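Participant: Sharing a structure here in structure tokens format.
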Amino acid sequence: DLAILIGGECPCGRTLPRHSRILGRADDMLKVKGVIVFPKQIEEAIMRVEGASENYQIVKVKKGPLTELRVRVEPTSERFQAEGLEGLAEQVAEEIYAMLSVRVEAEAVPPGSLPRSEGKAKRVVEG
């Protein structure tokens, strides 16, 4: 697990070392064009987009020594009925860039088209 040490005394008075919330697992870390990115950060960006559902997939694509990301995201059923897929991919790509300064190729796909799994969802796949 990855976290950051927090200096200083705890407001409760304890003086033991403290750390931030868990940022992610070292195994989940992705390096994209020199920037360290965690899947959780991409999820947070997607969830900020109105009408994006929690069903998404991150595709790692190796281009020589570099890794590029493609993000596939399903709209909520309400957004799909009202607007279809129009504009969702652009909004997701813009939000990810705004939060992480990493450009990704985003694709909006119809609801139910991304694979579902029992238990923990497999969000990152090789492309």
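Starting from 1 in every chain, residues are counted up; chains themselves are A, B, ... following the order of the structure tokens, and ligands are numbered from 1 as listed.
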What lies within 8 Å of Arg72 of chain A using only C-alpha atoms, ignoring chain neighbours under 6 positions off, as a list in words?
Facilitator: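 Selected residues are Tyr56, Gln57, Ile58, Val59, Ala106, Glu107, Ala108 and Val109 of chain A.
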Participant: Contacts of Glu68 of chain A at 9 Å or less, counting only C-alpha atoms, minus same-chain residues fewer than 6 places along, as a compact mmCIF listing (two decimals) with C-alpha atoms, in the first residue's frame?
Facilitator:
# COMPACT_ATOMS: atom_id res chain seq x y z
CA LYS A 31 3.25 5.27 -15.44
CA VAL A 32 1.78 7.21 -18.34
CA LYS A 33 4.10 9.54 -20.27
CA VAL A 59 -7.06 -0.18 -21.28
CA LYS A 60 -3.24 0.00 -21.12
CA VAL A 61 -1.72 0.28 -24.59
CA LYS A 62 2.06 -0.04 -25.04
CA ARG A 103 -4.32 12.93 -21.89
CA VAL A 104 -6.31 9.75 -22.47
CA GLU A 105 -8.43 8.51 -25.30
Participant: Find the residues around Ala89 of chain A up to 12 Å (only C-alpha atoms counted), leave out those fewer than 3 positions away in its own chain, and share them as a list of chain:residue names.
Facilitator: A:Ile46, A:Val49, A:Glu50, A:Gly51, A:Ala52, A:Tyr56, A:Arg70, A:Val71, A:Arg72, A:Val73, A:Glu74, A:Pro75, A:Gly84, A:Leu85, A:Glu86, A:Val92, A:Ala93, A:Glu94, A:Glu95, A:Ile96, A:Val104, A:Glu105, A:Ala106, A:Glu107, A:Ala108, A:Val109, A:Pro110
Participant: Give the alpha helix (DSSP H) residues of segment 43-121 of chain A, as assigned by DSSP on the backbone, as a PyMOL selection string.
Facilitator: chain A and resi 43-47+77-83+88-100
Participant: Just list as an NGL selection string whatever in chain A DSSP marks as strand (DSSP E or B).
Facilitator: :A and (2 or 5-6 or 18-19 or 24 or 30-32 or 35-37 or 52-63 or 66-75 or 105-108 or 124-126)
Participant: Could you jot down the atom CA of Thr76 of chain A to atom CA of Val37 of chain A separation for me, Å, one decimal place?
Facilitator: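 One can read the atom CA of Thr76 of chain A to atom CA of Val37 of chain A distance as 25.1 Å.
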Participant: What is the atom CA of Lys40 of chain A-atom CA of Leu114 of chain A distance in Å, reported with one decimal?
Facilitator: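 We find that atom CA of Lys40 of chain A and atom CA of Leu114 of chain A lie 18.1 Å from each other.
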Participant: Report, in Å with one decimal, the straight-line distance from atom CA of Val125 of chain A to atom CA of Arg48 of chain A.
Facilitator: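 It comes out at 22.4 Å.
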